[in-house]
Amino acid sequence: MKQRFRIANWTSDSSVNCLHCVIDLLSVFLFLHSWQFLTYTIYTFVCANSLQGVSSVGGRSSQKSLGTPSHLSWPLSRPNKKYQNFVYRRTSQNLRLKTVKGPILAEAGKQGWDFGRFIETLYYFNGPPSPAKFLESLIEKLTGPSPSKPVNSMDSSGITLVTGATGGVGRRVVDVLRNKKLPVRVLVRNEEKARKMLGEDVDLVAGDVTKANTLLPEYFEGVTSVINAVSVIVGPKEGDTPDRAKYSQGIKFFEPEIKGDSPEMVEYIGMKNLINAIKENVGLRTGKLVFGYEGNSFKELPWGALDDVVMGGVSQSTFQIDLTGGENGGPTGLFKGIVTTANNGGFASVRTKNFSEPEDLSAYDGLELRLKGDGRRYKLIVRTSRDWDTVGYTSIFDTIEGWQSVRLPFSSLRPIFRARTVLDALAFDPSQITSLQLMFSKFESDGKLNPTFKEGPFELPISCIRAYLKDPITPRFVHVSSAGVTRPERPGIDLSKQPPAVRLNKELDFILTFKLKGEDEIRESGIPYSIVRPCALTEEPAGADLIFDQGDNITGKISREEVARICVAALKSPYACDKTFEVKSVIPFSEPYTVDPENPPPEKDYNEYFKTLKDGITGKESLEKTPTPV
C-alpha cells in the first residue's frame, strides 16, 4: 500500500505538491470505496448470523447439503453430454476467486451460507471491484449530461416515415398525417426543396434510397411505420415546366422518358436498401428472436445464477441447454434449481449479464416465452439500466403443465425495486433493454406471496424468448406501386389496349418489371405490408367513388390526394395487412371530377374497401399460366 499510495513530499512548489497530495488521498479513498459494498454486505451477514446464535464461523459443517445433483452444484461441475452450461465458464478473463474454507453457519436447523458463492455471484455480474469504474460513475453523477452534446430533437415513438415526400403522392401523405396530428418524419434527397415545400418545421432527414450509406441508423430512431412513395422520375422528352405541369396531366398526354436514376436503381436496389435500413425499427410479422432456438437459428445469452445467496439464503439454480429436452426432442434452454426458505431466503433466479448494446424492441408489443410449464408462477424481469441494483420492470406469469406460449405485453411490466412497486419510476422504454431475469420466488411484490410456491427442486424448460407483434397485426410498410406491373410479361395480353407504361415498359428501361421486383422484396421481407397499385394518377380532388380490385387487371384514373388518404388509412387496418391491390375511381378518363370546396364529400371509411381484399393475390398468378391456343 505504501508503494502504491505514496504521499508526496513537500517541496518549494507547495501548490503542485498539494495537488499531488490530494490526488494520492483520493486514490486511496476510491480504492477502499470500491470494496465498500462488499465489505458492508459481509459485515451485515456475519453480524446477523451472530445475533441468531452462530456457534462458529468457518470449519466443517455437520449439516447435510441440499442434495443437489452434480449438474446443479456450485460452481457448476463438468456437464454430461446431454447438457451445456452457460454460467461461470472458465476463461482467462473469468477466473474463479478463492473462497472461504467452509460455510458461514447459521442458527441450528438452518443451512450454511456459502460465502464463496456469494463472492462469485458478485464477480460474475460486476467483475472485480474497480476504482476507475467508481470514479467514472461519480463524475457522471456530479456533472450530469454534457451541455456540449447536441440534443436529439426527434420524437422517440410512433413516428411514420414518409419517403419520396416531395413527390405528388408523398407530399399529400405528409399533409394527411399532419392533419391527423400524427408524428411524421420525411426522408428526402433535397433538403432545401423539401423545406420550401413542406415548411421549415418539418422533421426531416436527408438521404437517398439508391445509396445505402446515406440511410443512417439514427434517421430511423422512433420510426414504427413507413409509407414509401419513392418512384423513378418519368418526364416528357420535350421538357416540362418548373412545377411539372405536363407530368401532372399524366403519362397519356406526353412522350415519356426516364429522368435521373434508372428504374433498377430506384425501384429495386432502392427498395432493398430501404427495407434493410428500417426492418429493425418497424418489426417483423414473426417477431424477433431474443434468446433460444428457432428452426436452425440459435441466439445465446450470457445467463448466470442470481439466487437468494445475495441476502443470506441457500437456494441455488442454473441455466443449461438441454440438447434433447425441447419439443419434438429438440434442444431447449433449462432454468432449474432447488429453492428453500432457509436463512430467510426463498428465491432462485438466473439473470443475463448486461448486453453489450441495448436491445431495441420498440417495434414490438411484448415478449413471448415458449416454455414447458409446471403449474407454478414465475417472474420475468426486464431492465433498462446498466446499473446492478436498479428498478426491474416485472411481469408475473402462471404456467400450466406442458408446452405453451406465454405472452407478456410490455404494458404489463411493473417497475419493482426490492419487491416494492416504484410509483414514480420512469416509463418502461423497450428501446433500451439491457438485461433479462427469470425468477421463481416465494415473494411477489408489495407484501404479496406466490400462491404456487413450494420448496424443493423445480424445472422450467424455455426453448425461446421472442418479441412479438400483438394481434390484429396492421401494416408497418405501405408502398405506392403501380397498376400494370405484371402485364408486360403476361401471356396473351393485347398491349394495344394497355396504358402507355405497359406498352413502353422496355423503352422506359423496364420500369414496371423493376417495380414488380421491388414489390417482391417487400412481400419476402417479413414486414407486415400493404401494396397500393393506383391506376393513372391525376391532380383531381379526392372524393369520387372507388373500385378496389386484385389480380392487376383494371385501368382508369385516381386522384393523388385519394391515394394519400388510402395509404394513411391502411396503416391502421388489419384488413389491409399483407394485401396487394389496385384502385381507381369510377369516373372515366374522359370526364373531369370536381368538388364544391364549400361542401366537400365526407372522407370515406376505407376499411369497408379493405375488407373485400383477399390474401395471396398479386397478379403474378397469370404469369404462370399457359396461354390458351387461339
# chains A, B, ... in the order shown; residues from 1 in each chain; ligands from 1
>>> residues_around(residues="stretch 560-575 of chain A", least_positions_apart="3", cutoff="9 Å", atoms="only C-alpha atoms", output="number ranges by chain")
A: 168-177, 225-227, 471-480, 529-532, 534, 537-544, 578-579, 583, 603, 605-607, 609-614
>>> residues_around(residues="A:Gly366", least_positions_apart="3", cutoff="7 Å", atoms="only C-alpha atoms", output="JSON, numbers by chain")
{"A": [407, 408, 409, 410, 467, 468]}
>>> write_last_selection(atoms="C-alpha atoms", output="mmCIF file, in the first residue's frame")
data_model
loop_
_atom_site.group_PDB
_atom_site.id
_atom_site.type_symbol
_atom_site.label_atom_id
_atom_site.label_comp_id
_atom_site.auth_asym_id
_atom_site.auth_seq_id
_atom_site.Cartn_x
_atom_site.Cartn_y
_atom_site.Cartn_z
ATOM 1 C CA ARG A 407 -47.193 -13.618 -23.955
ATOM 2 C CA LEU A 408 -46.168 -10.778 -21.664
ATOM 3 C CA PRO A 409 -47.165 -7.372 -23.077
ATOM 4 C CA PHE A 410 -44.773 -4.543 -22.344
ATOM 5 C CA ALA A 467 -40.534 -10.148 -29.178
ATOM 6 C CA TYR A 468 -43.957 -10.222 -30.833
#
>>> closest_residue(among="A:Pro217, A:Pro451, A:Gly164, A:Gly551", to="A:Arg377", atoms="only C-alpha atoms")
A:Pro451
>>> residues_around(residues="A:Gly287", least_positions_apart="5", cutoff="12 Å", atoms="only C-alpha atoms", output="count of residues only")
26
>>> residues_around(residues="A:Asp261", least_positions_apart="4", cutoff="8 Å", atoms="only C-alpha atoms", output="PDB file with N, CA and C atoms, in the first residue's frame")
ATOM      1  N   VAL A 232     -39.317   6.173 -59.531  1.00  0.00           N
ATOM      2  CA  VAL A 232     -38.442   6.680 -60.579  1.00  0.00           C
ATOM      3  C   VAL A 232     -39.123   7.867 -61.260  1.00  0.00           C
ATOM      4  N   ILE A 233     -38.324   8.818 -61.707  1.00  0.00           N
ATOM      5  CA  ILE A 233     -38.889  10.022 -62.315  1.00  0.00           C
ATOM      6  C   ILE A 233     -39.091   9.797 -63.808  1.00  0.00           C
ATOM      7  N   MET A 265     -32.255   0.996 -60.215  1.00  0.00           N
ATOM      8  CA  MET A 265     -31.666   1.594 -59.026  1.00  0.00           C
ATOM      9  C   MET A 265     -32.735   2.080 -58.051  1.00  0.00           C
ATOM     10  N   VAL A 266     -33.787   2.690 -58.559  1.00  0.00           N
ATOM     11  CA  VAL A 266     -34.794   3.293 -57.674  1.00  0.00           C
ATOM     12  C   VAL A 266     -35.786   2.253 -57.159  1.00  0.00           C
TER      13      VAL A 266
END
>>> select_by_dssp(residues="stretch 374-539 of chain A", states="strand (DSSP E or B)", output="count of residues only")
64
